[in-house]
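Down below is the structure, laid out as structure tokens.
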Amino acid sequence: MRKVKILHCSDIHFDTPFKELSKEIANNCREELLETFKRIIDLTIEENVQVLFIAGDLFDNFTVNKTTLIFIINQLKRIKDKYIFIAPGNHDPYYEKSFYNMINWPSNVHIFTGKMSKKEINELGLVVYGAGFTKKYERETLINIEELDTSKINMMVLHGDISTKDAKNDYNPISLKDIRNSYMDYIALGHIHKFSGILKEENSYYAYSGCPQGRGFDEVGKKGVILGEVYKGGVDLKFIPINKREYIVKDIDISECDTYEDIKEKLLSILDEKDRLNNLFKITLTGNIKSHLYLDIKTLVEKLKNDYYFIKVLNKTTVEMNLDELANDYSIRGKFIKRMLEKLKEANEDEKEIINRALKIGLQSLSEEEVKLNDN
């Protein structure tokens, strides 16, 4: 049986700004995107891949360093014996002044520059279809196949967003009917930054590879590429993690902690050291903390910075107080609490959130502590 070995990747977003991170870490992460692309090329060579699919958003909008462009071309020159297909996406649409027109691409690279077209590779018995964004939004499906040679293996590379039923979106809305009626043996998709699994709609297989390296705390977990073989009527494909670092989000209850050192000890004890020193963490502190433990997040992060590659801490704790008992106190604090509790009894749900916030700020002020208007 004739088979074609492929590697499918997407959404690399070279030179993305990494706005959530410090300047130093952001610069490092941009460099690591280059390392990730090199690993993709290494894997293409090591696994004797015949066709490399890049399903859009190779670039991240309108800012790319010249050294990045040179790096990309130098890496692609390492695989001159492979077929490379690129389908521009919503972040890197193809137009006259796009980066796609600023690069002298190797002859084995084929970029789909607009409406659906095809490229035949006779030596592999393969036809590759594709289309590219030409502007930020493509509100109609780009899938449009007029003829199909069913004697050959048919594949497609495309950037777009699968829509359920007749729902529309701004990013090349692809329906399951479009996939079903394409009669493709495999469709390599980009746009969604999470691996979808290898999916099937009647006789057509399709998948999102996801991005190969996360770029924020909305992109947690393993990231990678899809590798394997496609043949007439079937696939043998698997997800290969390739990311250097992961974004990890955790909620940690610190109710039993009395001091900053207690909090630090708890965070270090329940998180693996290797993970802490290699990955990027967003920790949300929860629970009821003692009234004497006023949390200053900057102070806590300073204590933790040498134990993490990167850490962001959010404070969602509540202060453990017997407000009913304190309301009977004749102090200013007691009178303030009593008045606020009365307001809470009269408030609706939306008002209660505001009053509770005001109560927290007022108690901080009356305790002669720094007032924090933003828990983040």
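Order determines the names: the first chain of the structure tokens is A, the second B, and so forth; residues in each chain are numbered 1 upward, and ligands are numbered 1 upward as they are shown.
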Each residue of region 46-84 of chain A lying at most 9 Å from region 143-166 of chain A should get a row with its shortest atom-to-atom pair and the distance in Å to one decimal, counting only C-alpha atoms; could you produce that, ordered by chain and increasing number, as CSV?
```
residue,atom,partner,partner_atom,distance
A:Phe53,CA,A:Val157,CA,6.6
A:Ile54,CA,A:Val157,CA,7.5
A:Ala55,CA,A:Leu158,CA,5.5
A:Gly56,CA,A:His159,CA,5.4
A:Asp57,CA,A:His159,CA,8.1
```
Worksheet, complete the sentence: Taken to one decimal, the CA of Lys223 (chain A)-CA of Val301 (chain A) distance is 27.1 Å
Worksheet entry | Pick from A:Val235, A:Leu314, A:Cys211, A:Ile179 nearest to Ile252 (chain A), counting only C-alpha atoms |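 The shortest atom-to-atom distance to Ile252 (chain A) comes from A:Leu314.
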Fill in: Distance query Phe133 (chain A) at most 12 Å, only C-alpha atoms, self and fewer than 6 positions along chain excluded, as JSON, numbers by chain
{"A": [55, 56, 57, 86, 87, 88, 89, 90, 91, 92, 93, 94, 95, 98, 100, 111, 112, 113, 114, 115, 116, 139, 140, 141, 142, 143, 158, 159, 160, 170, 171, 172, 190, 191]}
Practice prompt. Excluding Asp307 (chain A) and any residue of its chain fewer than 6 positions from it, enumerate the residues within 10 Å of it, using only C-alpha atoms, and give them as a VMD selection string.
Written response: chain A and resid 264 267 to 268 273 to 274 276 to 277 301
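The protein and nucleic acid residues lying at most 9 Å from Gly233 (chain A) are Ile153, Met184, Asp185, Tyr186, Asn203, Ser204, Tyr205, Val230, Tyr231 and Val235 of chain A, with only C-alpha atoms considered and sequence neighbours fewer than 2 positions away removed.
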Write out, as a PDB file, in the first residue's frame, the residues just selected, with C-alpha atoms.
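Saved file result39.pdb follows:
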```
ATOM      1  CA  ILE A 153      -3.773  10.226  -1.950  1.00  0.00           C
ATOM      2  CA  MET A 184      -9.635  14.258   1.671  1.00  0.00           C
ATOM      3  CA  ASP A 185      -7.607  11.445   3.142  1.00  0.00           C
ATOM      4  CA  TYR A 186      -6.233  13.962   5.650  1.00  0.00           C
ATOM      5  CA  ASN A 203     -13.928   8.907   5.144  1.00  0.00           C
ATOM      6  CA  SER A 204     -11.974  12.109   5.782  1.00  0.00           C
ATOM      7  CA  TYR A 205      -9.476  12.345   8.644  1.00  0.00           C
ATOM      8  CA  VAL A 230      -1.311   8.859   5.415  1.00  0.00           C
ATOM      9  CA  TYR A 231      -2.542   6.397   2.847  1.00  0.00           C
ATOM     10  CA  VAL A 235      -3.959   7.326   8.535  1.00  0.00           C
TER      11      VAL A 235
END
```
Item to complete: Please report, as a PyMOL selection string, each residue of region 204-339 of chain A to which DSSP assigns strand (DSSP E or B) when run on this structure's backbone.
Response: chain A and resi 204-208+224-231+234-241+247-253+280-286+288-290+310-315+318-320
Practice prompt. Using only C-alpha atoms, determine which residues lie at most 9 Å from Gly362 (chain A), disregarding the query and same-chain residues fewer than 3 positions distant; provide the list as a list in words.
Written response: Arg333, Phe336, Ile337, Arg357, Ala358, Leu359, Ser365, Leu366, Ser367 and Val371 of chain A
Emit the selected residues as an mmCIF file, in the first residue's frame, including C-alpha atoms.
```cif
data_model
loop_
_atom_site.group_PDB
_atom_site.id
_atom_site.type_symbol
_atom_site.label_atom_id
_atom_site.label_comp_id
_atom_site.auth_asym_id
_atom_site.auth_seq_id
_atom_site.Cartn_x
_atom_site.Cartn_y
_atom_site.Cartn_z
ATOM 1 C CA ARG A 333 -13.661 49.059 63.342
ATOM 2 C CA PHE A 336 -17.782 49.963 60.511
ATOM 3 C CA ILE A 337 -18.282 46.176 60.439
ATOM 4 C CA ARG A 357 -14.943 44.219 48.541
ATOM 5 C CA ALA A 358 -15.487 47.505 50.409
ATOM 6 C CA LEU A 359 -15.500 45.614 53.711
ATOM 7 C CA SER A 365 -7.331 50.538 56.251
ATOM 8 C CA LEU A 366 -8.539 50.355 59.849
ATOM 9 C CA SER A 367 -5.788 47.844 60.616
ATOM 10 C CA VAL A 371 -4.768 49.159 51.081
#
```
Fill in: Interatomic distance (Å, one decimal) between CA of His13 (chain A) and CA of Ile283 (chain A)
25.7 Å
Discussion item. For a quick check of understanding, using only C-alpha atoms, which of A:Met340, A:Ile198, A:Ile25, A:Ile263 has the smallest distance to Phe239 (chain A)?
Written reply: A:Ile198
Item to complete: Using DSSP on the backbone coordinates, identify all residues within region 48-295 of chain A classified as alpha helix (DSSP H); present the result as a ChimeraX atom specification.
Response: /A:66-76,176-182,260-270,273-278
Worksheet item: Which of these, A:Lys80, A:Lys343, A:Lys338, A:Lys298, has the shortest distance to Val51 (chain A) once you count only C-alpha atoms?
Response: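 For Val51 (chain A), the nearest of the candidates is A:Lys80.
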Item to complete: Might you pull out every residue within 7 Å of region 61-75 of chain A, with only C-alpha atoms counted and same-chain residues fewer than 3 positions away left off, and present them as number ranges by chain?
Response: A: 15, 38, 41, 78, 91-92, 105
Discussion item. For a quick check of understanding, using only C-alpha atoms, which of A:Ala167, A:Asn101, A:Asn278, A:Ile289 has the smallest distance to Asn306 (chain A)?
Written reply: A:Asn278
